[in-house]
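All remarks here apply to the structure that follows.
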Amino acid sequence: MSGKKSNIRMIQKIIDRTPTWLFLIVAMLVMVFCTLMTMSEMGWLPFDMPNWSDLLNMSDSSAPYEPAVQLSGEQTACVHFIDVGQGDSILIQTREQAVLIDAGERDQGPAVCDYLKAAGVQKLDLVIATHPHSDHIGGLADVLAQFSAEEILMPALPDDMVPTTSVFLRLLDAVETQNIPVTAAKPGLSYDLGSGVVLTVLAPVQDYKDLNNYSVVCRLDSGETSFLFTGDAEKAAEADLIAAGGDLRADVLKAGHHGSSTSSSDAFLNAVSPKIVAISCGQNNDYGHPHKEVLASLSQRGIAVYRTDLQGAVTLTTDGTDITVQTGKEAAQ
Ligand SMILES: [Zn+2]
């Protein structure tokens, strides 16, 4: 109590010693500033002033969800293949929800966060960690530190396959710190993303000896259009998906394993029969992704190919009937 009283006395002393003219100047400056702010909000000024909510940082967290992309007219969903160099990171946005599949290597975390912010994402309704390799989960801890996530989906691994890498432990730590419910990926799980857009988990269908084949594979359906996301699933997992007999046909296929020849078997391409293939890989990467056999196979089938290494972010928007594609830059040769 005595501390508070002495503070009040000190403030009183400062006020007593401050000349009246200083009060008048401050009051005038405040009045001019307020007038300018009001005029700016009314659109009466030829230049922009910051608005009140920016200044006071009063953005209302209970404000309705702002769609991360301006889906116009009948558009229902937008799928972004974010350019994270050698790795995967895919953002799915509907009018109501945002889903992130992977977030590239650890050093790509800040770039993925920036991309999500620029896209207007405020929270993630679902995060999918396709499989615990660093080029997929590396950036996720940064993302989870900056965006609240309702749920994280990952493959359930047998004990002897659970990695002890620092990047995986960092992800688990972030999940625990943020108290995010973890769901084990199982075929048949499905998520209603609103506006008739549904995300369905197709794999992993069984146990494997390597992590790539444990990749969470899922499809996104909106009206007549569909997208298939495959993580790094290789030919064994592709064969199991075909054997499982589920619907694999999709307009857009994310080439498994960055366009590596370990994936995209003829049988799988026949089953999916995509019009568009998106390949997420780094410029001049050490693995030679995408492999020329895969590119030849896609070209033979007349499939349109989009690559993050050549075109930057690749964004596909659907209205349930048609899909439009935008790229961050023109294809380099
Ligand atoms: Zn990978």
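Scheme for the structure tokens: letters A, B, ... for chains in order shown; per-chain residue numbers from 1; ligand numbers from 1 in order shown.
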
9 Å shell around ligand 1 using only C-alpha atoms and all ligand atoms, listed as a short mmCIF file (atom, residue, chain, number, x, y, z; two decimals) with all heavy atoms, in the first residue's frame:
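File produced: part-v9.cif:
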```cif
data_model
loop_
_atom_site.label_atom_id
_atom_site.label_comp_id
_atom_site.auth_asym_id
_atom_site.auth_seq_id
_atom_site.Cartn_x
_atom_site.Cartn_y
_atom_site.Cartn_z
N GLN A 86 14.12 -28.77 -50.92
CA GLN A 86 13.98 -30.23 -50.95
C GLN A 86 13.16 -30.68 -49.74
O GLN A 86 13.68 -30.85 -48.64
CB GLN A 86 15.37 -30.88 -50.96
CG GLN A 86 15.35 -32.40 -51.06
CD GLN A 86 14.76 -32.91 -52.37
OE1 GLN A 86 14.63 -32.17 -53.34
NE2 GLN A 86 14.39 -34.17 -52.40
N GLY A 87 11.88 -30.91 -49.96
CA GLY A 87 10.97 -31.31 -48.88
C GLY A 87 9.54 -31.13 -49.36
O GLY A 87 9.31 -30.86 -50.53
N ASP A 88 8.60 -31.32 -48.43
CA ASP A 88 7.18 -31.15 -48.75
C ASP A 88 6.55 -30.19 -47.75
O ASP A 88 6.88 -30.23 -46.55
CB ASP A 88 6.43 -32.49 -48.56
CG ASP A 88 6.40 -33.34 -49.81
OD1 ASP A 88 7.15 -33.04 -50.76
OD2 ASP A 88 5.60 -34.30 -49.83
N GLY A 104 8.43 -29.05 -44.46
CA GLY A 104 9.81 -28.98 -44.95
C GLY A 104 10.85 -29.22 -43.85
O GLY A 104 10.51 -29.63 -42.73
N HIS A 131 5.27 -38.50 -42.35
CA HIS A 131 6.18 -39.51 -41.79
C HIS A 131 7.37 -38.77 -41.20
O HIS A 131 7.69 -37.66 -41.64
CB HIS A 131 6.60 -40.52 -42.86
CG HIS A 131 7.43 -39.94 -43.96
ND1 HIS A 131 6.94 -38.99 -44.84
CD2 HIS A 131 8.72 -40.14 -44.33
CE1 HIS A 131 7.88 -38.65 -45.70
NE2 HIS A 131 8.98 -39.33 -45.42
N HIS A 133 10.46 -37.96 -41.30
CA HIS A 133 11.74 -37.60 -41.90
C HIS A 133 11.86 -36.09 -41.87
O HIS A 133 10.87 -35.37 -42.03
CB HIS A 133 11.84 -38.11 -43.35
CG HIS A 133 12.27 -39.55 -43.45
ND1 HIS A 133 11.99 -40.35 -44.53
CD2 HIS A 133 12.98 -40.33 -42.57
CE1 HIS A 133 12.50 -41.57 -44.33
NE2 HIS A 133 13.09 -41.57 -43.16
N SER A 134 13.10 -35.61 -41.73
CA SER A 134 13.31 -34.19 -41.47
C SER A 134 12.81 -33.28 -42.59
O SER A 134 12.40 -32.15 -42.32
CB SER A 134 14.79 -33.91 -41.21
OG SER A 134 15.54 -34.17 -42.38
N ASP A 135 12.80 -33.76 -43.85
CA ASP A 135 12.34 -32.89 -44.95
C ASP A 135 10.82 -32.74 -44.96
O ASP A 135 10.26 -32.03 -45.81
CB ASP A 135 12.86 -33.39 -46.31
CG ASP A 135 12.43 -34.82 -46.61
OD1 ASP A 135 12.37 -35.65 -45.67
OD2 ASP A 135 12.15 -35.12 -47.79
N HIS A 136 10.15 -33.41 -44.01
CA HIS A 136 8.68 -33.30 -43.90
C HIS A 136 8.26 -32.69 -42.57
O HIS A 136 7.37 -31.85 -42.53
CB HIS A 136 8.03 -34.69 -44.09
CG HIS A 136 8.25 -35.21 -45.47
ND1 HIS A 136 7.28 -35.22 -46.43
CD2 HIS A 136 9.38 -35.67 -46.07
CE1 HIS A 136 7.79 -35.69 -47.57
NE2 HIS A 136 9.05 -35.97 -47.37
N ASN A 212 9.38 -44.24 -45.29
CA ASN A 212 8.69 -43.62 -46.43
C ASN A 212 7.34 -44.28 -46.69
O ASN A 212 6.34 -43.61 -46.96
CB ASN A 212 9.55 -43.71 -47.70
CG ASN A 212 10.65 -42.68 -47.71
OD1 ASN A 212 10.66 -41.75 -46.90
ND2 ASN A 212 11.60 -42.83 -48.63
N GLY A 231 2.80 -38.10 -49.63
CA GLY A 231 4.02 -38.08 -48.82
C GLY A 231 5.17 -38.67 -49.61
O GLY A 231 5.37 -38.33 -50.78
N ASP A 232 5.93 -39.58 -48.97
CA ASP A 232 7.05 -40.23 -49.67
C ASP A 232 6.73 -41.71 -49.93
O ASP A 232 7.65 -42.54 -50.06
CB ASP A 232 8.33 -40.12 -48.84
CG ASP A 232 9.02 -38.77 -49.01
OD1 ASP A 232 8.53 -37.96 -49.83
OD2 ASP A 232 10.03 -38.52 -48.34
N GLY A 256 4.75 -39.04 -55.39
CA GLY A 256 5.35 -39.59 -54.17
C GLY A 256 6.85 -39.36 -54.15
O GLY A 256 7.52 -39.40 -55.19
N HIS A 257 7.39 -39.10 -52.95
CA HIS A 257 8.84 -39.03 -52.73
C HIS A 257 9.54 -38.08 -53.71
O HIS A 257 10.54 -38.44 -54.33
CB HIS A 257 9.43 -40.45 -52.81
CG HIS A 257 10.78 -40.57 -52.19
ND1 HIS A 257 11.59 -41.66 -52.40
CD2 HIS A 257 11.47 -39.73 -51.38
CE1 HIS A 257 12.73 -41.50 -51.74
NE2 HIS A 257 12.68 -40.34 -51.12
N HIS A 258 8.97 -36.88 -53.88
CA HIS A 258 9.62 -35.81 -54.64
C HIS A 258 9.91 -36.18 -56.09
O HIS A 258 10.88 -35.69 -56.68
CB HIS A 258 10.91 -35.35 -53.93
CG HIS A 258 10.77 -35.29 -52.44
ND1 HIS A 258 10.05 -34.28 -51.81
CD2 HIS A 258 11.19 -36.13 -51.45
CE1 HIS A 258 10.07 -34.51 -50.50
NE2 HIS A 258 10.74 -35.63 -50.26
N SER A 280 7.20 -31.71 -55.47
CA SER A 280 7.81 -30.79 -54.51
C SER A 280 9.26 -31.22 -54.29
O SER A 280 9.52 -32.30 -53.72
CB SER A 280 7.02 -30.84 -53.19
OG SER A 280 7.53 -29.88 -52.30
N CYS A 281 10.21 -30.44 -54.78
CA CYS A 281 11.62 -30.78 -54.60
C CYS A 281 12.47 -29.52 -54.70
O CYS A 281 11.99 -28.46 -55.11
CB CYS A 281 12.06 -31.81 -55.64
SG CYS A 281 11.97 -31.22 -57.32
#
```

Pick out the residues sitting within 10 Å of Val167 of chain A, and hand them over as a list of chain:residue names; count only C-alpha atoms, and ignore anything fewer than 5 positions along from it in its own chain.
->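 The filter keeps A:Glu105, A:Arg106, A:Pro132, A:His133, A:Ser134, A:Asp135, A:Ile137, A:Gly138, A:Gly139, A:Leu140, A:Ala141, A:Leu172, A:Asp173.
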
Which parts of segment 231-291 of chain A does DSSP call helix (DSSP H, G or I) when run on the backbone here, written out as a list in words?
->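 Residues meeting the helix (DSSP H, G or I) criterion: Lys235, Ala236, Ala237, Glu238, Ala239, Asp240, Leu241, Ile242, Ala243, Ala244, Gly256, His257, His258, Gly259, Asp266, Ala267, Phe268, Leu269, Asn270, Ala271 and Val272 of chain A.
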
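Atom pair atom CA of Ala304 of chain A / atom CA of Asp251 of chain A: separated by 10.6 Å.
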
Taking the chain letters and numbering used in this document, name the residues of segment 159-313 of chain A that DSSP puts in strand (DSSP E), as number ranges by chain.
-> A: 182-184, 190-192, 198-203, 217-222, 225-229, 252-254, 276-279, 304-307

Who sits within 8 Å of segment 313-320 of chain A, only C-alpha atoms, same chain under 2 positions skipped, as a VMD selection string | chain A and resid 74 to 83 222 to 225 278 306 to 308 311 322 to 329

With a distance cut-off of 12 Å and only C-alpha atoms, select the neighbouring residues of Gly246 of chain A, excluding the residue or stretch itself and same-chain residues fewer than 6 positions from it, and output the selection as a ChimeraX atom specification.
-> /A:187-188,200-203,205,217-219,238-240,271-272

Could you turn the residues from that selection into a file that holds all heavy atoms, as a compact mmCIF listing (two decimals), in the first residue's frame?
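That gives us part19.txt:
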```txt
# COMPACT_ATOMS: atom_id res chain seq x y z
N PRO A 187 -6.68 -45.85 -42.51
CA PRO A 187 -7.54 -45.72 -43.70
C PRO A 187 -9.00 -45.59 -43.28
O PRO A 187 -9.44 -46.28 -42.35
CB PRO A 187 -7.31 -47.04 -44.44
CG PRO A 187 -6.00 -47.55 -43.94
CD PRO A 187 -5.86 -47.07 -42.54
N GLY A 188 -9.69 -44.68 -43.93
CA GLY A 188 -11.12 -44.51 -43.64
C GLY A 188 -11.43 -43.30 -42.78
O GLY A 188 -12.54 -42.81 -42.77
N THR A 200 -9.91 -37.51 -46.84
CA THR A 200 -10.01 -38.90 -46.39
C THR A 200 -8.62 -39.55 -46.33
O THR A 200 -7.84 -39.42 -47.28
CB THR A 200 -10.89 -39.72 -47.36
OG1 THR A 200 -12.09 -39.00 -47.60
CG2 THR A 200 -11.22 -41.09 -46.80
N VAL A 201 -8.35 -40.22 -45.24
CA VAL A 201 -7.06 -40.91 -45.09
C VAL A 201 -7.15 -42.28 -45.77
O VAL A 201 -8.12 -43.02 -45.57
CB VAL A 201 -6.71 -41.08 -43.59
CG1 VAL A 201 -5.42 -41.87 -43.43
CG2 VAL A 201 -6.61 -39.73 -42.91
N LEU A 202 -6.14 -42.60 -46.60
CA LEU A 202 -6.13 -43.89 -47.31
C LEU A 202 -5.02 -44.82 -46.82
O LEU A 202 -5.10 -46.04 -46.99
CB LEU A 202 -5.93 -43.66 -48.82
CG LEU A 202 -6.93 -42.75 -49.54
CD1 LEU A 202 -6.57 -42.65 -51.01
CD2 LEU A 202 -8.35 -43.28 -49.37
N ALA A 203 -3.96 -44.25 -46.28
CA ALA A 203 -2.81 -45.09 -45.89
C ALA A 203 -2.07 -44.42 -44.74
O ALA A 203 -2.26 -43.22 -44.52
CB ALA A 203 -1.89 -45.26 -47.10
N VAL A 205 -1.64 -48.57 -45.03
CA VAL A 205 -2.57 -49.70 -44.93
C VAL A 205 -2.00 -50.86 -44.13
O VAL A 205 -2.76 -51.70 -43.67
CB VAL A 205 -3.01 -50.22 -46.32
CG1 VAL A 205 -4.24 -49.54 -46.80
CG2 VAL A 205 -1.95 -50.13 -47.36
N VAL A 217 -1.19 -41.16 -46.55
CA VAL A 217 -1.70 -40.81 -47.88
C VAL A 217 -3.16 -40.40 -47.69
O VAL A 217 -3.91 -41.07 -46.98
CB VAL A 217 -1.61 -42.02 -48.85
CG1 VAL A 217 -2.26 -41.69 -50.19
CG2 VAL A 217 -0.15 -42.44 -49.05
N CYS A 218 -3.53 -39.27 -48.28
CA CYS A 218 -4.93 -38.85 -48.16
C CYS A 218 -5.42 -38.21 -49.44
O CYS A 218 -4.62 -37.76 -50.26
CB CYS A 218 -5.11 -37.92 -46.97
SG CYS A 218 -4.01 -36.53 -46.95
N ARG A 219 -6.75 -38.23 -49.60
CA ARG A 219 -7.33 -37.60 -50.77
C ARG A 219 -8.28 -36.49 -50.34
O ARG A 219 -8.90 -36.55 -49.28
CB ARG A 219 -8.05 -38.62 -51.66
CG ARG A 219 -9.24 -39.32 -51.01
CD ARG A 219 -9.93 -40.26 -51.99
NE ARG A 219 -10.52 -39.56 -53.10
CZ ARG A 219 -10.34 -39.87 -54.39
NH1 ARG A 219 -9.59 -40.88 -54.72
NH2 ARG A 219 -10.93 -39.15 -55.33
N GLU A 238 2.27 -48.05 -52.69
CA GLU A 238 1.37 -47.80 -53.82
C GLU A 238 0.62 -49.10 -54.18
O GLU A 238 -0.60 -49.09 -54.40
CB GLU A 238 2.15 -47.32 -55.04
CG GLU A 238 2.73 -45.92 -54.89
CD GLU A 238 3.57 -45.45 -56.08
OE1 GLU A 238 3.84 -46.27 -56.98
OE2 GLU A 238 3.95 -44.28 -56.11
N ALA A 239 1.37 -50.21 -54.21
CA ALA A 239 0.75 -51.50 -54.54
C ALA A 239 -0.30 -51.87 -53.50
O ALA A 239 -1.39 -52.37 -53.85
CB ALA A 239 1.82 -52.59 -54.63
N ASP A 240 0.00 -51.60 -52.24
CA ASP A 240 -0.96 -51.91 -51.17
C ASP A 240 -2.22 -51.05 -51.28
O ASP A 240 -3.33 -51.50 -50.99
CB ASP A 240 -0.32 -51.72 -49.80
CG ASP A 240 0.70 -52.82 -49.52
OD1 ASP A 240 0.60 -53.90 -50.13
OD2 ASP A 240 1.62 -52.57 -48.71
N ALA A 271 -3.90 -46.27 -61.92
CA ALA A 271 -5.02 -46.27 -60.96
C ALA A 271 -5.48 -44.85 -60.62
O ALA A 271 -6.67 -44.61 -60.47
CB ALA A 271 -4.61 -47.02 -59.69
N VAL A 272 -4.52 -43.94 -60.52
CA VAL A 272 -4.87 -42.56 -60.14
C VAL A 272 -5.34 -41.77 -61.36
O VAL A 272 -6.27 -40.96 -61.27
CB VAL A 272 -3.66 -41.85 -59.47
CG1 VAL A 272 -4.02 -40.42 -59.09
CG2 VAL A 272 -3.18 -42.62 -58.25
```

Atomic separation - atom CA of Gly259 of chain A relative to atom CA of Ile279 of chain A, Å =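 Between these atoms lies a distance of 5.9 Å.
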